[in-house]
file data_23.tsv (TSV, C-alpha atoms)
chain	number	residue	atom	x	y	z
A	1	GLY	CA	89.30	86.73	127.25
A	2	ALA	CA	90.52	89.92	125.76
A	3	SER	CA	92.40	92.51	127.77
A	4	PRO	CA	90.19	95.35	129.00
A	5	ALA	CA	90.53	98.67	127.22
A	6	PHE	CA	91.32	102.02	128.79
A	7	THR	CA	89.15	104.99	127.85
A	8	ASN	CA	90.33	108.56	128.16
A	9	VAL	CA	87.75	111.33	127.88
A	10	PHE	CA	88.77	114.85	126.94
A	11	VAL	CA	86.49	117.93	126.99
A	12	ASN	CA	87.19	121.40	125.70
A	13	PRO	CA	88.43	123.65	128.54
A	14	SER	CA	85.75	126.34	128.20
A	15	SER	CA	82.99	123.74	128.57
A	16	TYR	CA	84.72	122.23	131.60
A	17	ARG	CA	84.90	125.66	133.24
A	18	ALA	CA	81.23	126.31	132.47
A	19	PHE	CA	80.25	122.94	133.95
A	20	MET	CA	82.20	123.69	137.12
A	21	GLN	CA	80.21	126.93	137.50
A	22	THR	CA	76.74	125.71	136.49
A	23	GLY	CA	76.65	121.89	136.55
A	24	ARG	CA	75.52	121.95	132.89
A	25	TRP	CA	77.37	121.48	129.63
A	26	PRO	CA	77.07	124.53	127.36
A	27	ASN	CA	76.22	124.47	123.68
A	28	GLY	CA	79.44	123.74	121.78
A	29	THR	CA	80.78	121.17	124.25
A	30	VAL	CA	82.99	118.57	122.58
A	31	PHE	CA	83.97	115.30	124.23
A	32	VAL	CA	86.65	113.13	122.63
A	33	LEU	CA	86.83	109.48	123.65
A	34	GLU	CA	90.18	107.81	123.11
A	35	ILE	CA	90.10	104.04	123.44
A	36	ARG	CA	93.42	102.32	124.11
A	37	ARG	CA	94.37	98.72	124.59
A	38	SER	CA	95.89	97.64	127.87
A	39	GLU	CA	99.00	95.67	128.62
A	40	THR	CA	100.54	94.14	131.69
A	41	GLU	CA	103.76	92.57	132.89
A	42	ALA	CA	106.23	95.14	131.62
A	43	ALA	CA	108.97	96.19	134.01
A	44	PRO	CA	108.43	97.54	136.59
A	45	ASN	CA	104.66	96.88	136.36
A	46	LYS	CA	104.25	93.15	137.01
A	47	GLY	CA	100.70	93.06	138.39
A	48	GLY	CA	98.60	95.91	137.07
A	49	ARG	CA	97.58	97.17	133.67
A	50	PHE	CA	98.75	100.22	131.75
A	51	GLN	CA	97.68	102.01	128.60
A	52	ALA	CA	99.12	100.96	125.28
A	53	GLY	CA	98.33	101.66	121.62
A	54	MET	CA	95.20	103.43	120.49
A	55	LEU	CA	92.30	101.30	119.29
A	56	ALA	CA	89.67	103.88	118.30
A	57	LEU	CA	88.65	107.53	118.51
A	58	GLU	CA	85.10	108.87	118.94
A	59	ALA	CA	83.44	112.18	119.77
A	60	GLU	CA	80.21	113.48	121.31
A	61	VAL	CA	79.13	117.05	120.59
A	62	LYS	CA	76.44	119.15	122.23
A	63	ASP	CA	75.07	121.52	119.64
A	64	ALA	CA	71.53	122.85	119.25
A	65	ARG	CA	71.77	122.28	115.47
A	66	PHE	CA	71.59	118.51	115.98
A	67	PRO	CA	68.35	116.60	116.64
A	68	ASP	CA	68.05	116.17	120.41
A	69	GLY	CA	70.94	118.63	120.83
A	70	TRP	CA	73.68	115.96	120.80
A	71	ALA	CA	75.56	114.12	118.04
A	72	TYR	CA	78.01	111.22	118.01
A	73	PHE	CA	80.96	110.85	115.66
A	74	ASN	CA	83.41	108.09	114.85
A	75	PHE	CA	86.96	108.60	113.60
A	76	GLY	CA	87.29	104.85	113.11
A	77	ARG	CA	89.55	102.17	114.47
A	78	VAL	CA	93.30	101.77	114.21
A	79	PRO	CA	94.92	101.43	111.73
A	80	ALA	CA	92.22	103.12	109.65
A	81	LEU	CA	91.59	106.30	111.68
A	82	THR	CA	90.27	109.15	109.55
A	83	ASP	CA	91.08	112.86	109.71
A	84	VAL	CA	87.39	113.75	109.54
A	85	ALA	CA	84.86	112.03	111.79
A	86	ALA	CA	81.80	110.44	110.29
A	87	PRO	CA	78.56	111.22	112.13
A	88	LEU	CA	76.90	108.09	113.42
A	89	SER	CA	73.48	107.33	112.02
A	90	GLY	CA	70.85	104.64	111.98
A	91	GLU	CA	71.24	101.79	114.46
A	92	ALA	CA	74.67	102.98	115.66
A	93	VAL	CA	73.41	106.39	116.76
A	94	ALA	CA	70.25	104.81	118.21
A	95	ARG	CA	72.44	102.69	120.52
A	96	CYS	CA	74.42	105.76	121.59
A	97	VAL	CA	71.29	107.82	122.23
A	98	GLU	CA	69.63	105.01	124.19
A	99	CYS	CA	72.62	104.45	126.48
A	100	HIS	CA	73.42	108.17	126.84
A	101	THR	CA	69.78	108.82	127.72
A	102	LYS	CA	69.21	105.98	130.18
A	103	GLN	CA	72.60	105.49	131.82
A	104	THR	CA	74.02	108.98	132.32
A	105	ALA	CA	73.92	111.22	135.39
A	106	VAL	CA	73.84	114.66	133.77
A	107	GLU	CA	72.29	115.33	130.40
A	108	ARG	CA	73.82	112.71	128.09
A	109	THR	CA	77.16	112.47	129.87
A	110	PHE	CA	78.66	109.92	132.25
A	111	VAL	CA	79.49	112.40	135.01
A	112	GLN	CA	78.99	109.61	137.56
A	113	PHE	CA	82.46	108.22	136.71
A	114	TYR	CA	84.23	111.47	137.59
A	115	PRO	CA	83.94	112.27	141.32
A	116	THR	CA	84.73	115.97	140.95
A	117	LEU	CA	82.07	116.46	138.27
A	118	LEU	CA	79.54	114.34	140.13
A	119	GLU	CA	79.93	116.48	143.24
A	120	ILE	CA	79.43	119.67	141.19
A	121	ALA	CA	76.26	118.20	139.66
A	122	ARG	CA	74.98	117.36	143.15
A	123	GLN	CA	75.76	120.88	144.40
A	124	LYS	CA	74.13	122.54	141.40
A	125	GLY	CA	71.12	120.19	141.36
A	126	THR	CA	71.68	119.02	137.78
A	127	LEU	CA	71.67	115.25	138.34
A	128	LYS	CA	68.91	113.47	136.45
A	129	PRO	CA	65.85	112.68	138.54
A	130	GLY	CA	66.18	109.28	140.18
A	131	PHE	CA	69.94	109.13	139.76
call {"tool": "encode", "arguments": {"input": "data_23.tsv", "output": "structure tokens"}}
result
Amino acid sequence: GASPAFTNVFVNPSSYRAFMQTGRWPNGTVFVLEIRRSETEAAPNKGGRFQAGMLALEAEVKDARFPDGWAYFNFGRVPALTDVAAPLSGEAVARCVECHTKQTAVERTFVQFYPTLLEIARQKGTLKPGF
């Protein structure tokens, strides 16, 4: 099938520092998800995969002004990325909320995929019950 994509997640530095101190994401946290295609078999990499061109750009924002305190935005897919993100709504946002509610370790974030953050959440007691 298709080559797997790479995802890079970026968070604003002040929110990262706050999480490292408290195990919680403060109001105003912004996550940017960069989705890139993968390639293989380019010298000298003959067996593994590496990041290539961007496919899409998305964002998740924690802000008390949004219903449930979180919102999801889409900048689109290449080659039609937009300068201003459109907030997700309807079925698209429902899918995000469902997954980010059921499958995440801390609040609505996938801390479980980042060992340093997961350890902080354990130390601070902020992991979701049953995780």
call {"tool": "residues_around", "arguments": {"input": "data_23.tsv", "residues": "Ala80 (chain A)", "least_positions_apart": "4", "cutoff": "12 Å", "atoms": "all atoms listed in the file", "output": "compact mmCIF listing (two decimals) with C-alpha atoms, in the coordinates of the input"}}
result
# COMPACT_ATOMS: atom_id res chain seq x y z
CA MET A 54 95.20 103.43 120.49
CA LEU A 55 92.30 101.30 119.29
CA ALA A 56 89.67 103.88 118.30
CA LEU A 57 88.65 107.53 118.51
CA ASN A 74 83.41 108.09 114.85
CA PHE A 75 86.96 108.60 113.60
CA GLY A 76 87.29 104.85 113.11
CA VAL A 84 87.39 113.75 109.54
CA ALA A 85 84.86 112.03 111.79
call {"tool": "residues_around", "arguments": {"input": "data_23.tsv", "residues": "Tyr72 (chain A)", "least_positions_apart": "4", "cutoff": "7 Å", "atoms": "all atoms listed in the file", "output": "count of residues only"}}
result
6
call {"tool": "atom_distance", "arguments": {"input": "data_23.tsv", "atom1": "CA of Thr22 (chain A)", "atom2": "CA of Lys124 (chain A)"}}
result
6.4 Å
call {"tool": "closest_residue", "arguments": {"input": "data_23.tsv", "among": "A:Val30, A:Ala52, A:Val106, A:Ile35", "to": "Trp70 (chain A)", "atoms": "all atoms listed in the file"}}
result
A:Val30
call {"tool": "atom_distance", "arguments": {"input": "data_23.tsv", "atom1": "CA of Cys96 (chain A)", "atom2": "CA of Thr116 (chain A)"}}
result
24.2 Å
call {"tool": "residues_around", "arguments": {"input": "data_23.tsv", "residues": "Gly125 (chain A)", "least_positions_apart": "4", "cutoff": "9 Å", "atoms": "only C-alpha atoms", "output": "CSV table (one decimal) with C-alpha atoms, in the coordinates of the input"}}
result
chain,number,residue,atom,x,y,z
A,23,GLY,CA,76.6,121.9,136.6
A,120,ILE,CA,79.4,119.7,141.2
A,121,ALA,CA,76.3,118.2,139.7
call {"tool": "build_atoms", "arguments": {"input": "data_23.tsv", "residues": "region 8-44 of chain A", "atoms": "N, CA and C atoms", "output": "mmCIF file, in the frame of the given file"}}
result
data_model
loop_
_atom_site.group_PDB
_atom_site.id
_atom_site.type_symbol
_atom_site.label_atom_id
_atom_site.label_comp_id
_atom_site.auth_asym_id
_atom_site.auth_seq_id
_atom_site.Cartn_x
_atom_site.Cartn_y
_atom_site.Cartn_z
ATOM 1 N N ASN A 8 89.982 107.221 127.708
ATOM 2 C CA ASN A 8 90.330 108.560 128.160
ATOM 3 C C ASN A 8 89.314 109.512 127.546
ATOM 4 N N VAL A 9 88.734 110.375 128.366
ATOM 5 C CA VAL A 9 87.750 111.330 127.880
ATOM 6 C C VAL A 9 88.331 112.734 128.036
ATOM 7 N N PHE A 10 88.281 113.479 126.949
ATOM 8 C CA PHE A 10 88.770 114.850 126.940
ATOM 9 C C PHE A 10 87.594 115.768 126.616
ATOM 10 N N VAL A 11 87.540 116.944 127.259
ATOM 11 C CA VAL A 11 86.490 117.930 126.990
ATOM 12 C C VAL A 11 87.169 119.275 126.795
ATOM 13 N N ASN A 12 86.592 120.092 125.932
ATOM 14 C CA ASN A 12 87.190 121.400 125.700
ATOM 15 C C ASN A 12 87.183 122.219 126.992
ATOM 16 N N PRO A 13 88.270 122.945 127.265
ATOM 17 C CA PRO A 13 88.430 123.650 128.540
ATOM 18 C C PRO A 13 87.309 124.640 128.870
ATOM 19 N N SER A 14 86.797 125.368 127.894
ATOM 20 C CA SER A 14 85.750 126.340 128.200
ATOM 21 C C SER A 14 84.469 125.652 128.674
ATOM 22 N N SER A 15 84.170 124.490 128.128
ATOM 23 C CA SER A 15 82.990 123.740 128.570
ATOM 24 C C SER A 15 83.198 123.175 129.968
ATOM 25 N N TYR A 16 84.406 122.721 130.251
ATOM 26 C CA TYR A 16 84.720 122.230 131.600
ATOM 27 C C TYR A 16 84.515 123.352 132.616
ATOM 28 N N ARG A 17 85.047 124.529 132.318
ATOM 29 C CA ARG A 17 84.900 125.660 133.240
ATOM 30 C C ARG A 17 83.432 126.021 133.433
ATOM 31 N N ALA A 18 82.664 126.011 132.360
ATOM 32 C CA ALA A 18 81.230 126.310 132.470
ATOM 33 C C ALA A 18 80.522 125.271 133.326
ATOM 34 N N PHE A 19 80.863 123.989 133.148
ATOM 35 C CA PHE A 19 80.250 122.940 133.950
ATOM 36 C C PHE A 19 80.576 123.148 135.432
ATOM 37 N N MET A 20 81.799 123.489 135.725
ATOM 38 C CA MET A 20 82.200 123.690 137.120
ATOM 39 C C MET A 20 81.428 124.841 137.761
ATOM 40 N N GLN A 21 80.981 125.801 136.975
ATOM 41 C CA GLN A 21 80.210 126.930 137.500
ATOM 42 C C GLN A 21 78.714 126.650 137.566
ATOM 43 N N THR A 22 78.196 125.852 136.626
ATOM 44 C CA THR A 22 76.740 125.710 136.490
ATOM 45 C C THR A 22 76.216 124.285 136.667
ATOM 46 N N GLY A 23 77.100 123.278 136.511
ATOM 47 C CA GLY A 23 76.650 121.890 136.550
ATOM 48 C C GLY A 23 75.981 121.447 135.253
ATOM 49 N N ARG A 24 76.089 122.265 134.211
ATOM 50 C CA ARG A 24 75.520 121.950 132.890
ATOM 51 C C ARG A 24 76.592 122.135 131.820
ATOM 52 N N TRP A 25 76.454 121.351 130.753
ATOM 53 C CA TRP A 25 77.370 121.480 129.630
ATOM 54 C C TRP A 25 76.808 122.502 128.652
ATOM 55 N N PRO A 26 77.575 123.509 128.278
ATOM 56 C CA PRO A 26 77.070 124.530 127.360
ATOM 57 C C PRO A 26 77.023 124.030 125.914
ATOM 58 N N ASN A 27 76.236 124.728 125.111
ATOM 59 C CA ASN A 27 76.220 124.470 123.680
ATOM 60 C C ASN A 27 77.653 124.609 123.157
ATOM 61 N N GLY A 28 78.072 123.710 122.308
ATOM 62 C CA GLY A 28 79.440 123.740 121.780
ATOM 63 C C GLY A 28 80.400 122.832 122.526
ATOM 64 N N THR A 29 79.918 122.102 123.525
ATOM 65 C CA THR A 29 80.780 121.170 124.250
ATOM 66 C C THR A 29 81.187 120.030 123.324
ATOM 67 N N VAL A 30 82.466 119.688 123.370
ATOM 68 C CA VAL A 30 82.990 118.570 122.580
ATOM 69 C C VAL A 30 83.716 117.619 123.520
ATOM 70 N N PHE A 31 83.285 116.370 123.510
ATOM 71 C CA PHE A 31 83.970 115.300 124.230
ATOM 72 C C PHE A 31 84.676 114.424 123.206
ATOM 73 N N VAL A 32 85.917 114.069 123.479
ATOM 74 C CA VAL A 32 86.650 113.130 122.630
ATOM 75 C C VAL A 32 86.952 111.907 123.482
ATOM 76 N N LEU A 33 86.596 110.757 122.969
ATOM 77 C CA LEU A 33 86.830 109.480 123.650
ATOM 78 C C LEU A 33 87.936 108.746 122.919
ATOM 79 N N GLU A 34 89.028 108.538 123.629
ATOM 80 C CA GLU A 34 90.180 107.810 123.110
ATOM 81 C C GLU A 34 90.171 106.433 123.746
ATOM 82 N N ILE A 35 90.121 105.417 122.936
ATOM 83 C CA ILE A 35 90.100 104.040 123.440
ATOM 84 C C ILE A 35 91.452 103.409 123.159
ATOM 85 N N ARG A 36 92.077 102.914 124.231
ATOM 86 C CA ARG A 36 93.420 102.320 124.110
ATOM 87 C C ARG A 36 93.414 100.900 124.647
ATOM 88 N N ARG A 37 94.245 100.081 124.069
ATOM 89 C CA ARG A 37 94.370 98.720 124.590
ATOM 90 C C ARG A 37 95.198 98.765 125.866
ATOM 91 N N SER A 38 95.111 97.713 126.639
ATOM 92 C CA SER A 38 95.890 97.640 127.870
ATOM 93 C C SER A 38 96.905 96.521 127.761
ATOM 94 N N GLU A 39 97.956 96.692 128.527
ATOM 95 C CA GLU A 39 99.000 95.670 128.620
ATOM 96 C C GLU A 39 99.354 95.482 130.080
ATOM 97 N N THR A 40 100.091 94.435 130.338
ATOM 98 C CA THR A 40 100.540 94.140 131.690
ATOM 99 C C THR A 40 101.899 93.459 131.615
ATOM 100 N N GLU A 41 102.502 93.292 132.756
ATOM 101 C CA GLU A 41 103.760 92.570 132.890
ATOM 102 C C GLU A 41 104.910 93.159 132.094
ATOM 103 N N ALA A 42 105.050 94.479 132.175
ATOM 104 C CA ALA A 42 106.230 95.140 131.620
ATOM 105 C C ALA A 42 106.929 95.813 132.794
ATOM 106 N N ALA A 43 108.221 95.640 132.890
ATOM 107 C CA ALA A 43 108.970 96.190 134.010
ATOM 108 C C ALA A 43 108.725 97.681 134.130
ATOM 109 N N PRO A 44 108.490 98.205 135.301
ATOM 110 C CA PRO A 44 108.430 97.540 136.590
ATOM 111 C C PRO A 44 107.028 97.065 136.951
#
